[in-house]
Structures are given as C-alpha cells and as structure tokens.
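K.L.:
Dropping the structure in here first, questions after.
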Amino acid sequence: MKITSNFDSGNIKVLAINEPLDIQLEINPDNGSEFFQWFHFRLESTPFLGHRLHINGLEKSAYPEGWEGYDAVASYDRQTWFRVPSKYENGSLIIDVEPEHKQMYFAYFAPYSYERHLDLLAFAQSYDSVDIETLGETLDGRDISLIRVGEPSSEKKNIWIIGRQHPGETMAEWFIEGVLHKLLDDEDPHAAALLSKATFYIVPNMNPDGGARGHLRTNAIGVNLNREWKTPTLEKSPEVFHVLNKMHEVGLDMFLDIHGDEALPYNFVAGSEGIPSYSDRLAKLETEFKQALLTITPEFQDEYGYPKDEPGKANMTVASCAVGEAFNALSYTVEMPFKDNANLPDSYFGWSDRRSYQFGQDMLAAVLNVVEKLR
Ligand SMILES: [Zn+2]
C-alpha cells in the first residue's frame with residue numbers, strides 16, 4: 001500500500017498506512033500560513049478490498065463547517081471525478097471505499113492542473129479575436145496570464161473575469177474554461193452579441209503558485225490575495241499588483257471574481273453594497289443581473305449567501321469591493337459550492353467540474369442582459 005501526493009496540486013501527509021482499514025492522514029497547511037483544507041493524493045493498493053481513510057485534524061482546518069455533509073471527490077482516470085461517501089466525526093473526515101483499480105485518486109474537488117491551465121491559454125491563442133499577454137511573474141516564477149477576447153474600442157465595455165485567487169477553489173477555473181469555450185464559439189449567439197458590445201479581459205488563474213503547491217487559500221508565501229487589493233505589492237502579491245495595474249490601464253465596466261465556498265451548498269453572488277460609492281445605479285444593475293441569472297439557470301439562487309455589508313462597511317482589501325469602488329462598476333464575487341447545490345442535488349457527482357463549466361456559460365449569457373447599461 002502506498003499514498004503519494006508528489007504531483008501538481010498534491011497535498012497530503014501520511015501518518016499511518018499499515019492496515020487498509022486504518023489509514024491515517026493529515027492535510028499540510030499552505031506554505032507560510034495556517035490555512036488548510038485542500039487535499040489531493042493517490043492511493044495504490046489492492047482493488048476490491050475495503051479501505052478506510054481518516055483525514056485528521058480538521059477541527060483546525062480553514063472551514064471546519066465545510067466537512068459537514070461533504071463527500072470526497074475521487075477518480076480512476078483523472079478525467080471523471082465522482083463522489084465517495086464520507087462522514088465527518090470528531091475532526092476527522094472518514095472515507096470508506098472499495099477501489100475498483102489499483103490506483104485511485106482523491107481530492108477536495110476536481111483538480112485543475114497547471115498543465116491544463118497552459119492548455120487553455122494555448123487553445124485560446126489560436127483565435128483571431130484573442131490576444132494573450134503576460135502581465136508579470138509570480139513569486140515562484142510562473143506567468144500571470146491575461147486573455148483578451150475581442151478588439152478593444154472606446155465604444156465597447158470592458159468586462160473583467162478573474163478566477164482562483166484562492167487556488168484550491170478549482171471550480172473557478174472550470175467555470176472560466178466554460179466562459180472561454182462559449183465566448184470563442186463562433187456559432188454562439190450570446191458570444192456574438194456580447195463581443196459586438198464588449199471586450200473581455202480574463203485571468204483564468206490568479207494564483208498558479210498556490211495551485212501547483214496544493215494550497216487552499218494563499219500564494220507561494222502564504223498571502224491571501226483576496227485581502228491585497230487595497231495596497232498590493234511586488235514583494236507579497238505581484239499577482240494582484242500586475243492585474244490591478246492592467247485594469248487601470250485598459251479600464252473596467254464590470255467585474256466578476258470567481259470563487260468556491262466550503263460551507264454553503266449553493267451558488268450565490270456577493271455584491272459591493274458596502275462600498276462608499278454604492279449607488280442606486282449599481283443596485284439596479286445588480287438586481288437586473290441576478291434576475292437574468294435566475295431566469296437562465298436553476299443552479300443559481302439568491303436566498304442563501306453571505307450577510308450583506310452595512311453601508312460603508314465593506315472590506316476594501318477584497319477584490320470585488322476595491323474594484324467596484326475604483327471603477328464605479330458592477331462588481332461581484334461569485335461563489336460555487338464544494339459540496340453540492342442543495343436545490344438540485346446529485347449524489348453521484350455533487351457540484352462538479354462539468355456543472356461549474358456550464359454555470360460559467362450561463363453566467364456569460366446573463367451578462368448580455370446588462371451589457372448596454374454598464375457605463
Ligand atoms: Zn475564495
């Protein structure tokens with residue numbers, strides 16, 4: 001029996017692996033930080049034999065409530081990721097499984113590798129409407145890549161979509177893959193209509209270092225990028241520094257920052273109602289956008305989410321608030337579940353890579369309802 005996590009986005013610590021029914025594991029915290037929740041590893045053992053995996057110490061994880069009602073994600077071929085029944089007891093996630101093959105992969109959510117990220121950039125660059133720009137380098141020396149779709153013009157709105165500030169929230173890049181595939185489909189009517197009115201600026205992966213290192217929430221040195229938008233620095237948060245500079249260079253009329261939420265089993269958005277310059281105009285845009293989304297997809301709801309900020313009480317270090325304020329623009333944090341959508345549960349897949357991809361496409365379609373009014 002063997003467990004390894006020595007690959008892209010791998011993360012697990014083996015405490016004991018003597019008996020198939022008594023495998024004891026822990027999750028390594030993000031480098032330079034106390035956050036941990038993301039795991040990704042491969043078990044190699046005898047197939048068709050009962051195994052019990054305990055992931056321990058989770059009462060100290062970033063979101064202990066994220067383990068209640070959560071089933072781990074697993075795969076044999078690293079393409080199809082399905083759920084394996086899990087239960088949370090006394091700070092341990094217990095996974096009971098009878099592997100069908102010698103090698104079985106486990107993860108917190110369907111991984112989105114750095115290689116797949118590079119494949120997405122390579123796919124996009126073959127389109128005439130696309131320009132890919134390297135804005136700068138991360139602390140580990142990876143590229144911070146921006147995909148522009150559509151020709152810039154002062155007549156057009158500038159719509160920015162970023163994902164994976166929190167690298168373990170891989171559903172964000174599945175979502176963005178959906179957005180890009182739809183936007184680059186030359187027979188897609190939403191894409192055609194949108195691209196006549198807007199230029200898209202998309203950062204599929206804000207935190208490639210954290211992703212490759214198997215982090216949940218921070219970059220290479222343990223910095224939470226979504227608390228860096230007030231005063232990003234090249235030393236601590238070059239990812240935010242370069243992207244925010246580019247936003248100021250080209251302009252911004254709408255912003256979507258894509259995330260995953262560990263605890264809530266719903267898709268929802270968090271607005272910028274607490275920023276100093278929040279106005280009736282922004283409130284109206286938010287309502288129209290949410291109404292469009294509710295009409296387009298039953299995966300979206302507006303009942304469960306984060307408590308709304310009091311007027312003027314927004315945390316201005318958070319991307320959606322800082323950007324909404326700086327550009328007086330419609331600005332949302334988008335949250336998808338790690339667990340499932342409780343309004344449309346699927347016991348085999350739960351919330352998944354495919355559903356995140358589809359949700360990205362549906363949200364893109366909803367942008368069409370507000371694009372004319374963004375400025
Ligand atoms: Zn997040």
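Letters for chains follow the order of the structure tokens (A, B, ...), residue numbers begin at 1 for each chain, and ligand numbers begin at 1 in the order shown.
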Check which residues fall inside 7 Å of ligand 1 when counting only C-alpha atoms and all ligand atoms, and print them as a VMD selection string.
P.N.:
chain A and resid 165 to 166 169 259 to 261
K.L.:
Applying 6 Å and only C-alpha atoms, which residues near region 46-63 of chain A remain after dropping the ones on its own chain fewer than 5 positions away? List them as a ChimeraX atom specification.
P.N.:
/A:20-26,35-37,91-102
K.L.:
Deliver the residues from the most recent selection as a file, using N, CA and C atoms, as a JSON list (two decimals), in the first residue's frame.
P.N.:
```json
[["chain", "number", "residue", "atom", "x", "y", "z"],
["A", 20, "PRO", "N", -5.37, -1.58, 5.59],
["A", 20, "PRO", "CA", -6.30, -0.90, 4.68],
["A", 20, "PRO", "C", -7.45, -0.20, 5.41],
["A", 21, "LEU", "N", -7.86, -0.72, 6.54],
["A", 21, "LEU", "CA", -8.99, -0.12, 7.25],
["A", 21, "LEU", "C", -8.55, 0.91, 8.28],
["A", 22, "ASP", "N", -7.26, 1.20, 8.32],
["A", 22, "ASP", "CA", -6.75, 2.13, 9.32],
["A", 22, "ASP", "C", -5.69, 3.06, 8.72],
["A", 23, "ILE", "N", -6.08, 3.76, 7.66],
["A", 23, "ILE", "CA", -5.16, 4.71, 7.01],
["A", 23, "ILE", "C", -5.38, 6.08, 7.64],
["A", 24, "GLN", "N", -4.31, 6.64, 8.20],
["A", 24, "GLN", "CA", -4.41, 7.90, 8.94],
["A", 24, "GLN", "C", -3.64, 9.00, 8.21],
["A", 25, "LEU", "N", -4.33, 10.10, 7.91],
["A", 25, "LEU", "CA", -3.77, 11.16, 7.08],
["A", 25, "LEU", "C", -4.00, 12.53, 7.71],
["A", 26, "GLU", "N", -3.25, 13.51, 7.23],
["A", 26, "GLU", "CA", -3.46, 14.91, 7.59],
["A", 26, "GLU", "C", -3.22, 15.77, 6.35],
["A", 35, "PHE", "N", -3.70, 28.21, 6.97],
["A", 35, "PHE", "CA", -4.86, 27.70, 6.23],
["A", 35, "PHE", "C", -4.60, 26.30, 5.70],
["A", 36, "PHE", "N", -5.55, 25.40, 5.86],
["A", 36, "PHE", "CA", -5.52, 24.15, 5.10],
["A", 36, "PHE", "C", -6.91, 23.59, 4.94],
["A", 37, "GLN", "N", -7.16, 22.97, 3.82],
["A", 37, "GLN", "CA", -8.44, 22.32, 3.53],
["A", 37, "GLN", "C", -8.31, 21.50, 2.24],
["A", 91, "GLY", "N", -13.56, 15.82, 14.14],
["A", 91, "GLY", "CA", -12.42, 16.43, 13.46],
["A", 91, "GLY", "C", -11.78, 15.57, 12.39],
["A", 92, "SER", "N", -12.38, 14.41, 12.07],
["A", 92, "SER", "CA", -11.82, 13.56, 11.01],
["A", 92, "SER", "C", -12.84, 13.33, 9.90],
["A", 93, "LEU", "N", -12.36, 13.43, 8.68],
["A", 93, "LEU", "CA", -13.18, 13.00, 7.54],
["A", 93, "LEU", "C", -12.87, 11.53, 7.29],
["A", 94, "ILE", "N", -13.90, 10.69, 7.34],
["A", 94, "ILE", "CA", -13.70, 9.25, 7.18],
["A", 94, "ILE", "C", -14.29, 8.83, 5.83],
["A", 95, "ILE", "N", -13.41, 8.27, 5.00],
["A", 95, "ILE", "CA", -13.80, 7.87, 3.64],
["A", 95, "ILE", "C", -13.74, 6.35, 3.58],
["A", 96, "ASP", "N", -14.89, 5.71, 3.36],
["A", 96, "ASP", "CA", -14.94, 4.25, 3.19],
["A", 96, "ASP", "C", -15.05, 3.94, 1.71],
["A", 97, "VAL", "N", -14.13, 3.14, 1.21],
["A", 97, "VAL", "CA", -14.12, 2.92, -0.24],
["A", 97, "VAL", "C", -13.54, 1.54, -0.57],
["A", 98, "GLU", "N", -14.07, 0.95, -1.63],
["A", 98, "GLU", "CA", -13.52, -0.29, -2.18],
["A", 98, "GLU", "C", -13.03, 0.04, -3.57],
["A", 99, "PRO", "N", -11.75, 0.34, -3.73],
["A", 99, "PRO", "CA", -11.26, 0.77, -5.06],
["A", 99, "PRO", "C", -11.50, -0.32, -6.12],
["A", 100, "GLU", "N", -11.85, 0.12, -7.32],
["A", 100, "GLU", "CA", -12.07, -0.83, -8.42],
["A", 100, "GLU", "C", -10.79, -1.07, -9.21],
["A", 101, "HIS", "N", -9.79, -0.25, -8.96],
["A", 101, "HIS", "CA", -8.50, -0.41, -9.63],
["A", 101, "HIS", "C", -7.39, -0.23, -8.60],
["A", 102, "LYS", "N", -6.18, -0.56, -9.01],
["A", 102, "LYS", "CA", -5.06, -0.45, -8.07],
["A", 102, "LYS", "C", -4.81, 0.98, -7.62]]
```
K.L.:
Grab the CA of Pro276 (chain A) to CA of Val240 (chain A) distance for me, in Å with one decimal place.
P.N.:
21.6 Å
K.L.:
Write out as number ranges by chain the residues lying within 7 Å of Pro204 (chain A), counting only C-alpha atoms and excluding same-chain residues fewer than 3 positions away.
P.N.:
A: 162-163, 173, 176
K.L.:
Which is closest to Glu262 (chain A) among A:Gln125, A:Asn369, A:Thr170, A:Asn328, if we use only C-alpha atoms?
P.N.:
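The closest residue to Glu262 (chain A) is A:Thr170.
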K.L.:
Considering only C-alpha atoms, can you say which of A:Lys308, A:Trp160, A:Ala172, A:Gly211 comes closest to Phe255 (chain A)?
P.N.:
A:Trp160
K.L.:
Point out the residue among A:Ala74, A:Leu184, A:Leu244, A:Leu216 with the least atom-to-atom distance to Glu34 (chain A), counting only C-alpha atoms.
P.N.:
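Nearest candidate to Glu34 (chain A) out of A:Ala74, A:Leu184, A:Leu244, A:Leu216: A:Leu216.
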K.L.:
Do a neighbour search on Glu288 (chain A) at 10 Å with only C-alpha atoms, toss out local chain neighbours closer than 6 positions, and write the hits as number ranges by chain.
P.N.:
A: 282, 294, 366-367, 369-370
K.L.:
For the selection you just gave me, I'd like the residues written to a file as a short mmCIF file (atom, residue, chain, number, x, y, z; two decimals), in the first residue's frame, keeping C-alpha atoms.
P.N.:
```cif
data_model
loop_
_atom_site.label_atom_id
_atom_site.label_comp_id
_atom_site.auth_asym_id
_atom_site.auth_seq_id
_atom_site.Cartn_x
_atom_site.Cartn_y
_atom_site.Cartn_z
CA LEU A 282 -25.21 49.81 -9.05
CA LEU A 294 -32.35 33.25 -12.07
CA ALA A 366 -26.73 36.70 -18.26
CA VAL A 367 -24.14 39.43 -18.89
CA ASN A 369 -28.91 41.49 -20.13
CA VAL A 370 -26.85 44.27 -18.55
#
```
K.L.:
Near Pro152 (chain A), within 9 Å and counting only C-alpha atoms, which residues show up once chain neighbours fewer than 4 positions away are dropped, as a ChimeraX atom specification?
P.N.:
/A:148,156-158,198-200,250
K.L.:
The selected residues should be written to file as a PDB file, in the first residue's frame (atoms: all heavy atoms).
P.N.:
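Written output follows (again.pdb):
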```
ATOM      1  N   ARG A 148      -7.255  38.369 -23.555  1.00  0.00           N
ATOM      2  CA  ARG A 148      -8.217  39.365 -24.046  1.00  0.00           C
ATOM      3  C   ARG A 148      -9.000  38.746 -25.186  1.00  0.00           C
ATOM      4  O   ARG A 148      -8.404  38.172 -26.104  1.00  0.00           O
ATOM      5  CB  ARG A 148      -7.482  40.610 -24.539  1.00  0.00           C
ATOM      6  CG  ARG A 148      -8.428  41.785 -24.849  1.00  0.00           C
ATOM      7  CD  ARG A 148      -7.748  42.866 -25.670  1.00  0.00           C
ATOM      8  NE  ARG A 148      -7.635  42.449 -27.073  1.00  0.00           N
ATOM      9  CZ  ARG A 148      -6.633  42.807 -27.893  1.00  0.00           C
ATOM     10  NH1 ARG A 148      -5.642  43.546 -27.461  1.00  0.00           N
ATOM     11  NH2 ARG A 148      -6.628  42.389 -29.152  1.00  0.00           N
ATOM     12  N   LYS A 156     -16.774  50.127 -26.719  1.00  0.00           N
ATOM     13  CA  LYS A 156     -17.163  48.866 -26.078  1.00  0.00           C
ATOM     14  C   LYS A 156     -16.901  48.910 -24.575  1.00  0.00           C
ATOM     15  O   LYS A 156     -15.986  49.578 -24.099  1.00  0.00           O
ATOM     16  CB  LYS A 156     -16.377  47.707 -26.682  1.00  0.00           C
ATOM     17  CG  LYS A 156     -16.728  47.380 -28.126  1.00  0.00           C
ATOM     18  CD  LYS A 156     -15.965  46.113 -28.517  1.00  0.00           C
ATOM     19  CE  LYS A 156     -15.900  45.923 -30.016  1.00  0.00           C
ATOM     20  NZ  LYS A 156     -14.929  44.868 -30.351  1.00  0.00           N
ATOM     21  N   LYS A 157     -17.706  48.118 -23.842  1.00  0.00           N
ATOM     22  CA  LYS A 157     -17.495  47.954 -22.402  1.00  0.00           C
ATOM     23  C   LYS A 157     -16.320  47.006 -22.163  1.00  0.00           C
ATOM     24  O   LYS A 157     -16.054  46.103 -22.976  1.00  0.00           O
ATOM     25  CB  LYS A 157     -18.745  47.371 -21.741  1.00  0.00           C
ATOM     26  CG  LYS A 157     -20.053  48.041 -22.123  1.00  0.00           C
ATOM     27  CD  LYS A 157     -20.077  49.502 -21.716  1.00  0.00           C
ATOM     28  CE  LYS A 157     -21.466  50.107 -21.807  1.00  0.00           C
ATOM     29  NZ  LYS A 157     -22.056  50.058 -23.162  1.00  0.00           N
ATOM     30  N   ASN A 158     -15.639  47.205 -21.042  1.00  0.00           N
ATOM     31  CA  ASN A 158     -14.531  46.323 -20.660  1.00  0.00           C
ATOM     32  C   ASN A 158     -14.987  45.427 -19.511  1.00  0.00           C
ATOM     33  O   ASN A 158     -15.242  45.917 -18.410  1.00  0.00           O
ATOM     34  CB  ASN A 158     -13.311  47.137 -20.242  1.00  0.00           C
ATOM     35  CG  ASN A 158     -12.799  47.983 -21.390  1.00  0.00           C
ATOM     36  OD1 ASN A 158     -12.572  47.474 -22.488  1.00  0.00           O
ATOM     37  ND2 ASN A 158     -12.648  49.277 -21.164  1.00  0.00           N
ATOM     38  N   ALA A 198     -18.722  44.416 -26.153  1.00  0.00           N
ATOM     39  CA  ALA A 198     -17.771  44.379 -25.037  1.00  0.00           C
ATOM     40  C   ALA A 198     -16.478  43.678 -25.433  1.00  0.00           C
ATOM     41  O   ALA A 198     -16.460  42.833 -26.322  1.00  0.00           O
ATOM     42  CB  ALA A 198     -18.392  43.657 -23.838  1.00  0.00           C
ATOM     43  N   THR A 199     -15.412  44.055 -24.742  1.00  0.00           N
ATOM     44  CA  THR A 199     -14.142  43.342 -24.821  1.00  0.00           C
ATOM     45  C   THR A 199     -13.946  42.648 -23.474  1.00  0.00           C
ATOM     46  O   THR A 199     -14.195  43.260 -22.428  1.00  0.00           O
ATOM     47  CB  THR A 199     -12.984  44.318 -25.068  1.00  0.00           C
ATOM     48  OG1 THR A 199     -13.332  45.150 -26.177  1.00  0.00           O
ATOM     49  CG2 THR A 199     -11.699  43.573 -25.373  1.00  0.00           C
ATOM     50  N   PHE A 200     -13.536  41.392 -23.525  1.00  0.00           N
ATOM     51  CA  PHE A 200     -13.380  40.626 -22.289  1.00  0.00           C
ATOM     52  C   PHE A 200     -11.904  40.499 -21.922  1.00  0.00           C
ATOM     53  O   PHE A 200     -11.060  40.231 -22.780  1.00  0.00           O
ATOM     54  CB  PHE A 200     -13.999  39.228 -22.451  1.00  0.00           C
ATOM     55  CG  PHE A 200     -15.502  39.248 -22.382  1.00  0.00           C
ATOM     56  CD1 PHE A 200     -16.256  39.625 -23.493  1.00  0.00           C
ATOM     57  CD2 PHE A 200     -16.178  38.922 -21.217  1.00  0.00           C
ATOM     58  CE1 PHE A 200     -17.643  39.677 -23.438  1.00  0.00           C
ATOM     59  CE2 PHE A 200     -17.558  38.969 -21.139  1.00  0.00           C
ATOM     60  CZ  PHE A 200     -18.298  39.347 -22.259  1.00  0.00           C
ATOM     61  N   VAL A 250      -6.481  49.687 -18.966  1.00  0.00           N
ATOM     62  CA  VAL A 250      -7.460  49.488 -20.043  1.00  0.00           C
ATOM     63  C   VAL A 250      -8.870  49.916 -19.658  1.00  0.00           C
ATOM     64  O   VAL A 250      -9.715  50.112 -20.519  1.00  0.00           O
ATOM     65  CB  VAL A 250      -7.494  48.029 -20.556  1.00  0.00           C
ATOM     66  CG1 VAL A 250      -6.129  47.575 -21.001  1.00  0.00           C
ATOM     67  CG2 VAL A 250      -8.068  47.072 -19.525  1.00  0.00           C
TER      68      VAL A 250
END
```
K.L.:
Near Asn267 (chain A), within 9 Å and counting only C-alpha atoms, which residues show up once chain neighbours fewer than 2 positions away are dropped, as a short mmCIF file (atom, residue, chain, number, x, y, z; two decimals) with N, CA and C atoms, in the first residue's frame?
P.N.:
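Listing of selection.cif after writing:
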```
data_model
loop_
_atom_site.label_atom_id
_atom_site.label_comp_id
_atom_site.auth_asym_id
_atom_site.auth_seq_id
_atom_site.Cartn_x
_atom_site.Cartn_y
_atom_site.Cartn_z
N GLY A 260 -14.99 29.50 -4.81
CA GLY A 260 -15.78 28.39 -4.29
C GLY A 260 -15.98 28.61 -2.80
N ASP A 261 -17.11 28.16 -2.28
CA ASP A 261 -17.37 28.29 -0.85
C ASP A 261 -17.42 26.90 -0.21
N LEU A 264 -21.37 26.55 2.24
CA LEU A 264 -22.75 26.67 1.76
C LEU A 264 -22.99 25.81 0.52
N PRO A 265 -24.04 24.99 0.52
CA PRO A 265 -24.33 24.13 -0.64
C PRO A 265 -25.18 24.83 -1.71
N VAL A 269 -23.99 35.03 -5.31
CA VAL A 269 -23.07 36.13 -5.58
C VAL A 269 -23.04 37.06 -4.37
N GLU A 299 -29.45 26.55 -11.37
CA GLU A 299 -28.29 26.37 -10.50
C GLU A 299 -28.04 27.61 -9.64
N PHE A 300 -28.63 28.74 -10.04
CA PHE A 300 -28.42 29.97 -9.28
C PHE A 300 -29.61 30.23 -8.35
N GLN A 301 -29.33 30.83 -7.21
CA GLN A 301 -30.37 31.24 -6.28
C GLN A 301 -29.85 32.48 -5.55
N ASP A 302 -30.81 33.20 -4.93
CA ASP A 302 -30.43 34.44 -4.25
C ASP A 302 -30.97 34.49 -2.81
N TYR A 304 -29.76 32.10 -0.19
CA TYR A 304 -28.66 31.81 0.72
C TYR A 304 -27.37 32.43 0.20
N GLY A 305 -26.61 33.02 1.11
CA GLY A 305 -25.34 33.62 0.71
C GLY A 305 -24.70 34.27 1.93
N VAL A 334 -18.37 35.70 -7.14
CA VAL A 334 -19.25 34.58 -7.47
C VAL A 334 -18.79 33.37 -6.67
N GLU A 335 -19.71 32.73 -5.97
CA GLU A 335 -19.36 31.56 -5.14
C GLU A 335 -20.10 30.33 -5.63
N MET A 336 -19.33 29.24 -5.82
CA MET A 336 -19.91 27.93 -6.12
C MET A 336 -19.60 26.99 -4.97
N PRO A 337 -20.39 25.94 -4.78
CA PRO A 337 -20.16 25.06 -3.62
C PRO A 337 -19.07 24.02 -3.85
N ASN A 341 -25.25 21.56 -5.01
CA ASN A 341 -26.32 22.54 -5.00
C ASN A 341 -27.52 21.86 -4.34
#
```
